[in-house]
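Below is one structure, written out as structure tokens, with a few remarks after it.
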Amino acid sequence: MPHRQRSGTLLSVSGQASVDPPRVLLVCREKAIWGEDAAIRRALARHLSLEEYVVDDRWPDSAGDLGGLKAFDAVIWFVKFRVMRSKPAFDWAGYEGLRLMYDWDTCQDFSHIASRNYLGQYPDEFRRHRFDLLVCTGRRTRDHFRAQGIDAEWIPKAADHELFRDLGLDREGLCTYGNPYPSRRVVLNHLGAAGIAVDNVSAPLVDLNAALNRYLGGLICNAELRMRFRLADALVRVSRGRIPVLAEGPEPMIKNFEIAASGAAPICDELGELAELGFADGRTAVLYRSLTELAEKVSSLLADPVSLRRIGQNAAELVRTRHTWEARGAEFGSLIRTRLSAVGGQT
């Protein structure tokens, strides 16, 4: 979609979805314009009258830095939390529109799957910058913040339908990709001890779909460890996975949707919200509640590649129809319209 430089790093994008859509300013990073987060930005631009301010060159401290906000019904901040928490509280200068904080990693407020650096820090930052609404990417995450008095909504992650799709190629075996969190290392070590090979895929985002299309299934682990990695790994080896060392993960990660969109069967630990998203065991996913169950199911399905392939095809159709960033853009547009209507319409 074409961009026009206005002043500094304020950009203008035309909305295309409806008559008089809400006027929204997206405060974001450069990679939300051209990089790996661009799919959600494109979707937002189709459902909102969107302008963007890129923070990479100059962080805005006040409404004046953004050229004034009177023209906008809502402002969405989509930036790294670690950066935001190091900045002074934003001066809204009396702005009365909707103030949204949008973050894909807010589960780090209560989950240590990736890091312990941000535990318990999100609510104070949300209030310090005087946001109205937190948009997070997990149902459990949403409920966590609501319990602390934060107005929060859930819009799940998704897959880029322009990049991820089933290419109809011959497939075999299993793969995984992404950060080797401790829980994921335990899962891989357990499968390795059971004689089940899982290839690690490493590819740029534009090439990832082609790599995933080589495999029947993609292993996902959103779970957390109940103990330190070394002890957990040792116990799993001794007990052959019968001792439960994994706790339920915080929320589905982006790879849940990308693996499924590619046509590989998503193999994932059970999460409460997966059923609500349409991921059903044996139909659109392979779900497990223990390492023992995981090894047994994977061994059985690898011996029945036709069934595993069918699950992958069903998963790809599920994501194509329900879990694209385009769908998330529509959900975002609906959310903003609803919130604006609740306070008496657009500013």
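So you can find residues: chains in the structure tokens are A, B, ... in the order shown, residues in each start at 1, and ligands are numbered from 1 in order.
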
Show me, as CSV, the residues of segment 113-225 of chain A having an atom within 9 Å of segment 68-81 of chain A, each with the closest atom pair and its distance in Å, using only C-alpha atoms.
residue,atom,partner,partner_atom,distance
A:Tyr118,CA,A:Phe81,CA,8.8
A:Tyr122,CA,A:Phe81,CA,8.2
A:Glu125,CA,A:Phe81,CA,8.7

Run DSSP on the backbone and give me the residues of segment 28-70 of chain A it puts in alpha helix (DSSP H), as number ranges by chain. A: 38-47

Residue nearest Arg185 of chain A among A:Asp166, A:Glu153, A:Glu172, A:Glu224 (counting only C-alpha atoms): A:Glu224

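Atom to atom, atom CA of Thr106 of chain A and atom CA of Asp199 of chain A stand 29.5 Å apart.
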
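Of note, atom CA of Ala316 of chain A and atom CA of Thr137 of chain A are spaced 20.2 Å apart.
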
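Residues lying within 9 Å of Asn117 of chain A, counting only C-alpha atoms and ignoring same-chain neighbours fewer than 5 positions away, are Gln108, Asp109 and His112 of chain A.
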
Taking 5 positions as the minimum chain separation for residues in the same chain, which residues sit within 10 Å of Tyr181 of chain A when counting only C-alpha atoms? Answer as a list of chain:residue names. A:His112, A:Ile113, A:Ala114, A:Ser115, A:Val186, A:Cys221, A:Asn222, A:Ala223, A:Glu224, A:Leu225, A:Phe229

Just write the chosen residues, C-alpha atoms, as an mmCIF file, in the first residue's frame.
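Saved as part_15.cif:
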data_model
loop_
_atom_site.group_PDB
_atom_site.id
_atom_site.type_symbol
_atom_site.label_atom_id
_atom_site.label_comp_id
_atom_site.auth_asym_id
_atom_site.auth_seq_id
_atom_site.Cartn_x
_atom_site.Cartn_y
_atom_site.Cartn_z
ATOM 1 C CA HIS A 112 8.409 -16.752 32.593
ATOM 2 C CA ILE A 113 8.406 -18.909 29.453
ATOM 3 C CA ALA A 114 10.740 -16.459 27.695
ATOM 4 C CA SER A 115 12.035 -14.165 30.434
ATOM 5 C CA VAL A 186 12.929 -30.635 27.453
ATOM 6 C CA CYS A 221 5.601 -25.967 22.872
ATOM 7 C CA ASN A 222 3.959 -23.073 24.688
ATOM 8 C CA ALA A 223 4.231 -24.795 28.076
ATOM 9 C CA GLU A 224 6.324 -23.661 31.018
ATOM 10 C CA LEU A 225 8.675 -25.674 33.188
ATOM 11 C CA PHE A 229 15.835 -27.002 33.164
#

Near-Pro250 of chain A list (7 Å; only C-alpha atoms; drop same-chain fewer than 2 positions) as a PyMOL selection string: chain A and resi 107+111+140-141+248

Segment 60-64 of chain A: which residues within 7 Å, counting only C-alpha atoms, same-chain residues fewer than 4 positions away excluded, as an MDAnalysis selection string? chainID A and resid 68:69 88 90:93

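Distance-wise, atom CA of Val187 of chain A and atom CA of Leu167 of chain A end up 28.3 Å apart.
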
Determine the nearest neighbour of Ala315 of chain A from the options A:Phe332, A:Tyr288, A:Phe164, A:Phe257, counting only C-alpha atoms. A:Phe257

Segment 24-38 of chain A environment, 10 Å, only C-alpha atoms, sequence neighbours closer than 3 positions dropped, as a PyMOL selection string: chain A and resi 3+9-12+15+21+41-45+48-57+59-60+66+69+71-80+97-102+160+204-206+325+333+336

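Residues of segment 160-211 of chain A that DSSP, applied to the backbone, places in strand (DSSP E): Leu174, Cys175, Thr176, Val198, Asp199 and Asn200 of chain A.
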